[in-house]
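**Q** Starting off with a structure, shown below.
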2 protein chains.
Amino acid sequence: MSDSRENFIELMGRIHQHDGQSRIHGRLFGLLLMEKKGLSLQQMADRLQVSKASVSTNARHLKEKGLIRLTSSPGDRQDYYELVSSPYDQMYDLIRKDMLDMAGQIAEAREQLEGEDSVIIERVERLEEFYRISAEVLGDIANKLRK
Amino acid sequence: MSDSRENFIELMGRIHQHDGQSRIHGRLFGLLLMEKKGLSLQQMADRLQVSKASVSTNARHLKEKGLIRLTSSPGDRQDYYELVSSPYDQMYDLIRKDMLDMAGQIAEAREQLEGEDSVIIERVERLEEFYRISAEVLGDIANKLRK
DNA sequence: TTTATCGTTCAATATGTATTGAACAATAAT
DNA sequence: ATTATTGTTCAATACATATTGAACGATAAA
């Protein structure tokens with residue numbers, strides 16, 4: 001494993017951690033992004049020097065998010081994981097969903113604030129708008145990428 | 001403090017925590033969003049039932065991010081904090097800066113990968129683009145809000 | 001001067017959760 | 001039938017950091 005690859009993989013670990021996932025989650029994504037062919041759980045655990053338990057759970061999470069996919073070869077009972085062809089639109093969608101969810105939660109909270117001063121209500125509406133508009137523009141990008 | 005306000009404040013605590021800040025950071029933001037007039041550190045600590053140490057540090061962070069501002073009254077040596085008139089464009093800017101920073105870090109890592117397969121390089125370029133484009137569109141919204 | 005108030009800093013601790021090791025079921029190999 | 005692989009789950013722990021209490025300096029009040 002070259003230094004420049006390790007460097008990239010570690011960067012992805014830090015970025016995913018910054019984004020609320022675990023460090024290994026990001027390292028795994030970085031590792032598979034560096035590999036054209038799928039890797040087995042054991043291979044990933046060896047290269048990242050982490051337990052296979054961590055690889056198993058984090059690979060599941062990445063798969064659920066649509067960033068990697070499971071593959072297999074005939075006569076081999078190991079699971080192989082590889083990057084999906086375009087994880088980028090999934091990434092836009094993930095942020096979009098998060099933002100939309102927050103906008104929804106704020107809307108719920110706002111509805112309970114009916115008696116409040118209009119200035120306060122308006123602040124909450126603006127906040128809600130922040131998340132909703134952010135979600136929209138990111139969703140637009142994802143759609144453009146897909147078509 | 002009404003239930004609906006507390007509910008909103010707690011929601012903001014959870015949202016900020018989800019976004020990588022502390023729970024009190026979000027609660028403080030939520031509290032000041034519910035108040036038209038500035039609150040002193042002691043008032044904020046009392047209403048949120050947290051230590052004044054937490055309020056002090058988190059208020060500083062919110063102030064550095066441009067979401068709240070320090071005010072004062074004549075004949076009173078307490079510090080008062082209130083929401084800035086439009087924290088929303090600051091919020092766009094904060095995400096924009098984060099995204100742009102990540103794009104920059106990925107670019108640095110990519111430059112070290114020169115010998116690699118072109119498929120791999122392209123993946124990294126796409127990833128970089130994801131963060132850069134996200135930063136751009138969010139920055140555009142902030143600019144529209146400001147003018 | 002003494003006493004009280006206000007805000008900050010920092011070492012100690014509380015807290016949440018990422019990570020792991022071990023146990024396990026399922027399957028394949030011998 | 002026995003042994004070895006493979007992947008998952010979960011309780012235990014390692015780890016990062018949010019939060020606090022206490023000490024402090026600065027300033028105002030008494």
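Labels used: A, B, ... for chains in the order of the structure tokens, numbers from 1 for residues in each chain, and numbers from 1 for ligands as shown.
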Report as a compact mmCIF listing (two decimals) with N, CA, C and O atoms (P, O5', C5', C4', C3', O3' and C1' of nucleotides), in the first residue's frame the set of chain D residues whose atoms approach chain A to within 8 Å, with distances computed over only C-alpha atoms (C1' of nucleotides).

**A**
# COMPACT_ATOMS: atom_id res chain seq x y z
P DT D 6 -11.88 -17.84 4.24
O5' DT D 6 -13.30 -17.21 4.60
C5' DT D 6 -14.45 -17.66 3.90
C4' DT D 6 -15.70 -17.10 4.53
C3' DT D 6 -15.61 -15.61 4.91
O3' DT D 6 -16.49 -14.90 4.07
C1' DT D 6 -16.65 -16.92 6.62
P DG D 7 -16.53 -13.31 4.09
O5' DG D 7 -17.69 -13.02 5.13
C5' DG D 7 -19.01 -13.43 4.81
C4' DG D 7 -19.90 -13.25 6.02
C3' DG D 7 -19.94 -11.83 6.57
O3' DG D 7 -21.28 -11.38 6.58
C1' DG D 7 -19.55 -13.40 8.31
P DT D 8 -21.66 -9.92 7.12
O5' DT D 8 -22.28 -10.24 8.55
C5' DT D 8 -23.28 -11.26 8.65
C4' DT D 8 -23.69 -11.45 10.10
C3' DT D 8 -23.95 -10.15 10.86
O3' DT D 8 -25.25 -10.24 11.42
C1' DT D 8 -22.46 -11.55 12.08

**Q** Go through chain A residue by residue and, counting only C-alpha atoms, keep those with an atom at most 6 Å from chain B; for each kept residue give the shortest atom pair and its distance in Å to one decimal, ordered by chain and increasing number, as JSON lines.

**A**
{"residue": "A:Ser4", "atom": "CA", "partner": "B:Gln112", "partner_atom": "CA", "distance": 5.7}
{"residue": "A:Phe8", "atom": "CA", "partner": "B:Ala109", "partner_atom": "CA", "distance": 5.6}
{"residue": "A:Met34", "atom": "CA", "partner": "B:Ile120", "partner_atom": "CA", "distance": 5.9}
{"residue": "A:Ala109", "atom": "CA", "partner": "B:Phe8", "partner_atom": "CA", "distance": 5.6}
{"residue": "A:Gln112", "atom": "CA", "partner": "B:Ser4", "partner_atom": "CA", "distance": 5.7}
{"residue": "A:Leu113", "atom": "CA", "partner": "B:Ser4", "partner_atom": "CA", "distance": 5.8}
{"residue": "A:Ile120", "atom": "CA", "partner": "B:Met34", "partner_atom": "CA", "distance": 5.9}

**Q** Just to be explicit: take each residue in the selection above, keep all heavy atoms, and write the result as a PDB file, in the first residue's frame.

**A**
ATOM      1  N   SER A   4       0.835   7.445  -0.701  1.00  0.00           N
ATOM      2  CA  SER A   4      -0.171   8.392  -1.190  1.00  0.00           C
ATOM      3  C   SER A   4      -1.574   7.809  -1.051  1.00  0.00           C
ATOM      4  O   SER A   4      -2.536   8.525  -0.754  1.00  0.00           O
ATOM      5  CB  SER A   4       0.113   8.760  -2.645  1.00  0.00           C
ATOM      6  OG  SER A   4       0.125   7.602  -3.453  1.00  0.00           O
ATOM      7  N   PHE A   8      -4.595   9.230   1.341  1.00  0.00           N
ATOM      8  CA  PHE A   8      -5.962   9.478   0.882  1.00  0.00           C
ATOM      9  C   PHE A   8      -6.976   8.755   1.760  1.00  0.00           C
ATOM     10  O   PHE A   8      -8.001   9.326   2.159  1.00  0.00           O
ATOM     11  CB  PHE A   8      -6.125   9.030  -0.571  1.00  0.00           C
ATOM     12  CG  PHE A   8      -7.536   9.118  -1.061  1.00  0.00           C
ATOM     13  CD1 PHE A   8      -8.086  10.338  -1.434  1.00  0.00           C
ATOM     14  CD2 PHE A   8      -8.334   7.974  -1.130  1.00  0.00           C
ATOM     15  CE1 PHE A   8      -9.393  10.424  -1.863  1.00  0.00           C
ATOM     16  CE2 PHE A   8      -9.645   8.058  -1.562  1.00  0.00           C
ATOM     17  CZ  PHE A   8     -10.179   9.283  -1.929  1.00  0.00           C
ATOM     18  N   MET A  34     -10.035   3.340  -3.974  1.00  0.00           N
ATOM     19  CA  MET A  34      -8.694   3.146  -4.541  1.00  0.00           C
ATOM     20  C   MET A  34      -8.547   1.818  -5.281  1.00  0.00           C
ATOM     21  O   MET A  34      -7.496   1.529  -5.851  1.00  0.00           O
ATOM     22  CB  MET A  34      -7.654   3.167  -3.401  1.00  0.00           C
ATOM     23  CG  MET A  34      -7.425   4.511  -2.742  1.00  0.00           C
ATOM     24  SD  MET A  34      -6.462   5.653  -3.757  1.00  0.00           S
ATOM     25  CE  MET A  34      -7.762   6.736  -4.348  1.00  0.00           C
ATOM     26  N   ALA A 109     -41.927  21.466  15.211  1.00  0.00           N
ATOM     27  CA  ALA A 109     -41.721  22.283  16.406  1.00  0.00           C
ATOM     28  C   ALA A 109     -42.377  23.649  16.237  1.00  0.00           C
ATOM     29  O   ALA A 109     -42.940  24.207  17.174  1.00  0.00           O
ATOM     30  CB  ALA A 109     -40.228  22.430  16.687  1.00  0.00           C
ATOM     31  N   GLN A 112     -46.124  24.036  16.993  1.00  0.00           N
ATOM     32  CA  GLN A 112     -46.500  24.120  18.411  1.00  0.00           C
ATOM     33  C   GLN A 112     -46.297  25.507  18.983  1.00  0.00           C
ATOM     34  O   GLN A 112     -46.680  25.788  20.110  1.00  0.00           O
ATOM     35  CB  GLN A 112     -45.664  23.124  19.230  1.00  0.00           C
ATOM     36  CG  GLN A 112     -45.862  21.672  18.805  1.00  0.00           C
ATOM     37  CD  GLN A 112     -44.998  20.744  19.630  1.00  0.00           C
ATOM     38  OE1 GLN A 112     -44.192  21.206  20.429  1.00  0.00           O
ATOM     39  NE2 GLN A 112     -45.168  19.446  19.439  1.00  0.00           N
ATOM     40  N   LEU A 113     -45.661  26.375  18.206  1.00  0.00           N
ATOM     41  CA  LEU A 113     -45.306  27.699  18.724  1.00  0.00           C
ATOM     42  C   LEU A 113     -46.336  28.764  18.360  1.00  0.00           C
ATOM     43  O   LEU A 113     -46.030  29.963  18.374  1.00  0.00           O
ATOM     44  CB  LEU A 113     -43.934  28.123  18.174  1.00  0.00           C
ATOM     45  CG  LEU A 113     -42.688  27.407  18.699  1.00  0.00           C
ATOM     46  CD1 LEU A 113     -41.479  27.731  17.844  1.00  0.00           C
ATOM     47  CD2 LEU A 113     -42.423  27.787  20.148  1.00  0.00           C
ATOM     48  N   ILE A 120     -40.608  35.914  16.309  1.00  0.00           N
ATOM     49  CA  ILE A 120     -40.026  34.617  16.657  1.00  0.00           C
ATOM     50  C   ILE A 120     -40.442  33.540  15.663  1.00  0.00           C
ATOM     51  O   ILE A 120     -39.612  32.771  15.159  1.00  0.00           O
ATOM     52  CB  ILE A 120     -40.475  34.201  18.085  1.00  0.00           C
ATOM     53  CG1 ILE A 120     -40.084  35.281  19.107  1.00  0.00           C
ATOM     54  CG2 ILE A 120     -39.886  32.854  18.454  1.00  0.00           C
ATOM     55  CD1 ILE A 120     -38.621  35.577  19.151  1.00  0.00           C
TER      56      ILE A 120
END

**Q** List the spatial neighbours of D:DC10 as a list in words - criterion: any atom at most 12 Å away, only C-alpha atoms (C1' of nucleotides), same-chain residues fewer than 6 positions off excluded.

**A**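 Once the adjacent positions are removed, what remains is Ala53 of chain A; DT20, DG21, DA22, DA23 and DC24 of chain C.
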
**Q** Would you output that residue set with all heavy atoms, as a short mmCIF file (atom, residue, chain, number, x, y, z; two decimals), in the first residue's frame?

**A**
data_model
loop_
_atom_site.label_atom_id
_atom_site.label_comp_id
_atom_site.auth_asym_id
_atom_site.auth_seq_id
_atom_site.Cartn_x
_atom_site.Cartn_y
_atom_site.Cartn_z
N ALA A 53 -14.79 -7.40 12.67
CA ALA A 53 -16.09 -6.95 13.17
C ALA A 53 -16.39 -5.54 12.69
O ALA A 53 -17.49 -5.24 12.22
CB ALA A 53 -16.11 -7.01 14.70
P DT C 20 -10.69 -1.92 15.61
OP1 DT C 20 -9.25 -1.79 15.32
OP2 DT C 20 -11.65 -2.21 14.51
"O5'" DT C 20 -10.88 -3.02 16.75
"C5'" DT C 20 -10.33 -2.77 18.03
"C4'" DT C 20 -10.77 -3.84 19.01
"O4'" DT C 20 -12.19 -3.71 19.26
"C3'" DT C 20 -10.55 -5.27 18.53
"O3'" DT C 20 -9.76 -5.94 19.48
"C2'" DT C 20 -11.97 -5.87 18.44
"C1'" DT C 20 -12.75 -4.99 19.39
N1 DT C 20 -14.20 -4.84 19.10
C2 DT C 20 -15.11 -5.17 20.07
O2 DT C 20 -14.81 -5.58 21.17
N3 DT C 20 -16.42 -4.98 19.70
C4 DT C 20 -16.89 -4.52 18.48
O4 DT C 20 -18.09 -4.39 18.27
C5 DT C 20 -15.88 -4.20 17.51
C7 DT C 20 -16.28 -3.68 16.16
C6 DT C 20 -14.59 -4.37 17.86
P DG C 21 -8.92 -7.24 19.07
OP1 DG C 21 -7.52 -7.04 19.49
OP2 DG C 21 -9.25 -7.58 17.68
"O5'" DG C 21 -9.57 -8.35 20.03
"C5'" DG C 21 -9.83 -8.00 21.38
"C4'" DG C 21 -10.68 -9.09 22.03
"O4'" DG C 21 -12.07 -8.88 21.70
"C3'" DG C 21 -10.35 -10.51 21.59
"O3'" DG C 21 -10.49 -11.35 22.73
"C2'" DG C 21 -11.39 -10.80 20.52
"C1'" DG C 21 -12.59 -10.00 21.00
N9 DG C 21 -13.45 -9.46 19.94
C8 DG C 21 -13.06 -9.05 18.69
N7 DG C 21 -14.05 -8.59 17.96
C5 DG C 21 -15.15 -8.68 18.80
C6 DG C 21 -16.51 -8.33 18.56
O6 DG C 21 -17.00 -7.85 17.55
N1 DG C 21 -17.30 -8.58 19.68
C2 DG C 21 -16.84 -9.12 20.86
N2 DG C 21 -17.76 -9.29 21.82
N3 DG C 21 -15.59 -9.46 21.10
C4 DG C 21 -14.80 -9.22 20.02
P DA C 22 -10.20 -12.92 22.62
OP1 DA C 22 -9.33 -13.24 23.76
OP2 DA C 22 -9.79 -13.25 21.24
"O5'" DA C 22 -11.65 -13.55 22.88
"C5'" DA C 22 -12.57 -12.85 23.72
"C4'" DA C 22 -13.93 -13.48 23.61
"O4'" DA C 22 -14.69 -12.83 22.55
"C3'" DA C 22 -13.91 -14.97 23.25
"O3'" DA C 22 -14.99 -15.61 23.90
"C2'" DA C 22 -14.11 -14.95 21.74
"C1'" DA C 22 -15.10 -13.80 21.61
N9 DA C 22 -15.14 -13.17 20.30
C8 DA C 22 -14.10 -12.99 19.44
N7 DA C 22 -14.43 -12.37 18.33
C5 DA C 22 -15.79 -12.13 18.47
C6 DA C 22 -16.73 -11.52 17.64
N6 DA C 22 -16.44 -11.01 16.44
N1 DA C 22 -18.00 -11.44 18.09
C2 DA C 22 -18.29 -11.96 19.29
N3 DA C 22 -17.48 -12.57 20.16
C4 DA C 22 -16.23 -12.62 19.69
P DA C 23 -15.07 -17.21 23.92
OP1 DA C 23 -14.85 -17.62 25.31
OP2 DA C 23 -14.23 -17.75 22.83
"O5'" DA C 23 -16.60 -17.48 23.55
"C5'" DA C 23 -17.59 -16.55 24.02
"C4'" DA C 23 -18.81 -16.64 23.12
"O4'" DA C 23 -18.58 -15.88 21.91
"C3'" DA C 23 -19.13 -18.07 22.66
"O3'" DA C 23 -20.53 -18.30 22.80
"C2'" DA C 23 -18.68 -18.10 21.21
"C1'" DA C 23 -18.94 -16.65 20.79
N9 DA C 23 -18.14 -16.21 19.65
C8 DA C 23 -16.81 -16.42 19.43
N7 DA C 23 -16.36 -15.89 18.30
C5 DA C 23 -17.49 -15.29 17.76
C6 DA C 23 -17.69 -14.56 16.57
N6 DA C 23 -16.72 -14.31 15.69
N1 DA C 23 -18.94 -14.11 16.32
C2 DA C 23 -19.91 -14.36 17.20
N3 DA C 23 -19.84 -15.04 18.36
C4 DA C 23 -18.59 -15.47 18.57
P DC C 24 -21.13 -19.74 22.53
OP1 DC C 24 -22.19 -19.94 23.51
OP2 DC C 24 -20.00 -20.71 22.40
"O5'" DC C 24 -21.79 -19.59 21.08
"C5'" DC C 24 -22.71 -18.52 20.85
"C4'" DC C 24 -22.99 -18.42 19.38
"O4'" DC C 24 -21.84 -17.83 18.73
"C3'" DC C 24 -23.19 -19.75 18.68
"O3'" DC C 24 -24.59 -19.98 18.50
"C2'" DC C 24 -22.46 -19.62 17.34
"C1'" DC C 24 -21.89 -18.22 17.38
N1 DC C 24 -20.51 -18.12 16.82
C2 DC C 24 -20.30 -17.41 15.65
O2 DC C 24 -21.26 -16.86 15.10
N3 DC C 24 -19.04 -17.32 15.14
C4 DC C 24 -18.04 -17.92 15.77
N4 DC C 24 -16.83 -17.81 15.24
C5 DC C 24 -18.23 -18.66 16.98
C6 DC C 24 -19.48 -18.74 17.46
#

**Q** From the options A:Leu39, A:Val84, A:Met1, A:Leu28, which residue's atoms come nearest to A:His61, counting only C-alpha atoms?

**A**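 Among A:Leu39, A:Val84, A:Met1, A:Leu28, it is A:Leu28 that comes nearest to A:His61.
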
**Q** At a cut-off of 7 Å, can you tabulate as a tab-separated table every residue of chain A near chain C together with its closest atom pair and the distance in Å to one decimal, using only C-alpha atoms (C1' of nucleotides) and ordering rows by chain then number?

**A**
residue	atom	partner	partner_atom	distance
A:Ser22	CA	C:DA18	C1'	6.8
A:Ser51	CA	C:DT20	C1'	6.5
A:Ser54	CA	C:DT19	C1'	6.6
